[in-house]
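Engineer: Take this structure first; my questions come after.
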Amino acid sequence: MTMIADTSLHPSFDTTAVPATPGAAGDIAAVGRRGQPAVTAFAATVLTLGVAWLASVSGWRFAALWIVGALLGVALYHAAFGFTHGFRVLFTERRSAHVRAQMLLLGTTVLLFYPLLAAGGVLGQPVRGFVFPAGLEVALGAFLFGIGMQLGGGCASGTLYTAGGGSTRMLVTLASFIAGATLATFTFEHWHVLPSLPPIGAVQTLGLAPALAGTLAILGLVWWGAARAERARHGKIEPIFPRPADRASWIKGPWPFAWAALAIAVLELATLLIAGRPWGITQAFALWGSHAVDRLGLDDPTFWAFWEEPTRADALLRPLSADITTVMDLGLIVGALLAAGLAGRFAPTLRVPLPHLLAAVVGGLLLGFGAIMATGCNISAYVSGIASGSLHGWLWIAAALPGNYVGTRLRPLFRLGA
């Protein structure tokens, strides 16, 4: 299928981790085929035990969110649905399939979210969007995050699903991501002073119909502009919907981008209905790092200014099994592992060049620090922010795109390919 183009992110085509030598891909495929039943069985067992355990200790909502996270991992892995590669090929090659898939994801999620956010609840269940202040912190953090995407090799969702799918380099990015987020929480009082606007939500400010029409018009314009740029360069545009000649399997993949975009939008809706708020990823990284600092006796995070805000303090003090974001993040990793096993592509390798490891460390630190500073990542700020009608979501992507461009120009310093 031509839709799987994100070769730098998909573990089965991890060009940053496997030397480009003749026969290397075949060797990896052979190793992968031999171990896939065990990988699949292990992931399925962890997924099942996780459901049972969470239901017993935290309740059915957390068990359900564990499943939603796992399904997100399957969708992301099977379509190699990455934001990082999509932005890069748009800049360097004028390829737009990834970006048009993002517009499909955003447009569908907006259609699902806006009426519910306007109503304020569903069947007695309150729901709220991610509507946060938009200011210099968001802009600077998103810019740093954008650089980190290109050096680290993935965004927040991309880092999780590729790490779960067996990419060794992305495990380094993930560890550095956590370290960067922890550093941002530790230094919060030193940078949390930049000016910002109050939270502004389109649904609350404009009303449902004008907000919906305006948002869809902007997304449609981006779709048209990206497609026009690709057609001008290549004479045609790469399809994101399946064609008659394509062979795609819901179980084994690969998926066309449109399948993943629509699946993620539906799973975003499931998250909103079950958790009462949209999908997020990165605050869990700060939480994990802060717990590690505490367990190692390095410091007491309860005295850090970041964790003094009441809802954050509650998150720090309760068990990780009762943290929605943690449950969904870990579920996503397990889901990606399951998808890799089903696809016959789980084949991690330790042969990662030193420059690529350095890029993973630097990129991960920028990702973590930038995400905390920007009040979110490509999921919680960009996708969930825009789906919530928040101005800060639009500011996030406006600042992250220049960051991605800078990161793309820095990649050769670490011997990273296109």
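In the structure tokens, chains take letters A, B, ... by order of appearance, with residues numbered from 1 within each chain and ligands from 1 in the order shown.
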For stretch 74-86 of chain A, please output as a VMD selection string all residues within 7 Å (counting only C-alpha atoms; exclusion window: fewer than 2 positions along the same chain).
Structural biologist: chain A and resid 4 6 10 70 to 72 88 to 90 98 to 99 149 to 150 154 to 155 158 161 253 to 257 260 263 335 to 336 339
Engineer: Could you please determine the separation between atom CA of A:Pro412 and atom CA of A:Ser96 in Å, to one decimal place?
Structural biologist: 22.5 Å
Engineer: Considering only alpha helix (DSSP H) as DSSP defines it on the backbone, what residues of stretch 255-302 of chain A qualify? List them as a PyMOL selection string.
Structural biologist: chain A and resi 257-275+283-295
Engineer: Hey, what's within 10 Å of A:Asp323 if we count only C-alpha atoms and toss same-chain stuff fewer than 4 positions away? As a VMD selection string, please?
Structural biologist: chain A and resid 58 62 284 287 314 to 316 318 to 319 327 to 328
Engineer: What does the structure give for the distance between atom CA of A:Gly385 and atom CA of A:Ile147, in Å to one decimal?
Structural biologist: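 Separation between atom CA of A:Gly385 and atom CA of A:Ile147: 20.1 Å.
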Engineer: Which parts of stretch 37-196 of chain A does DSSP call strand (DSSP E or B) when run on the backbone here, written out as a PDB file with C-alpha atoms, in the first residue's frame?
Structural biologist:
```pdb
ATOM      1  CA  GLY A 121     -22.787  16.889  29.240  1.00  0.00           C
ATOM      2  CA  VAL A 122     -24.182  13.631  27.899  1.00  0.00           C
ATOM      3  CA  GLN A 125     -22.176  12.853  32.495  1.00  0.00           C
ATOM      4  CA  PRO A 126     -20.470  16.284  32.516  1.00  0.00           C
ATOM      5  CA  ALA A 134      -2.918  31.168  25.005  1.00  0.00           C
ATOM      6  CA  GLY A 135       0.281  33.115  25.454  1.00  0.00           C
ATOM      7  CA  SER A 196      -0.965  35.212  28.143  1.00  0.00           C
TER       8      SER A 196
END
```
Engineer: Give me the residues near stretch 206-209 of chain A as a PDB file with C-alpha atoms, in the first residue's frame, where near means some atom within 7 Å (using only C-alpha atoms) and where sequence neighbours in that chain fewer than 2 positions away do not count.
Structural biologist:
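Output file around_39.pdb follows:
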```
ATOM      1  CA  TYR A 114     -18.670  20.719  19.618  1.00  0.00           C
ATOM      2  CA  PRO A 115     -22.337  19.752  20.153  1.00  0.00           C
ATOM      3  CA  ALA A 118     -22.087  23.172  23.930  1.00  0.00           C
ATOM      4  CA  ALA A 202     -14.878  29.134  20.186  1.00  0.00           C
ATOM      5  CA  VAL A 203     -18.068  27.352  21.234  1.00  0.00           C
ATOM      6  CA  GLN A 204     -18.505  29.500  24.334  1.00  0.00           C
ATOM      7  CA  ALA A 211     -17.813  28.026  15.810  1.00  0.00           C
ATOM      8  CA  LEU A 212     -18.455  24.813  13.895  1.00  0.00           C
ATOM      9  CA  ALA A 213     -18.673  26.534  10.519  1.00  0.00           C
TER      10      ALA A 213
END
```
Engineer: Record the distance separating atom CA of A:Ala52 and atom CA of A:Ala64, expressed in Å with one decimal.
Structural biologist: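 Taking atom CA of A:Ala52 and atom CA of A:Ala64, their separation equals 10.4 Å.
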Engineer: Using only C-alpha atoms, find the one residue out of A:Thr109, A:Thr173, A:Thr302, A:Thr45 that sits nearest to A:Ala156.
Structural biologist: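 When distances to A:Ala156 are compared using only C-alpha atoms, the smallest one comes from A:Thr173.
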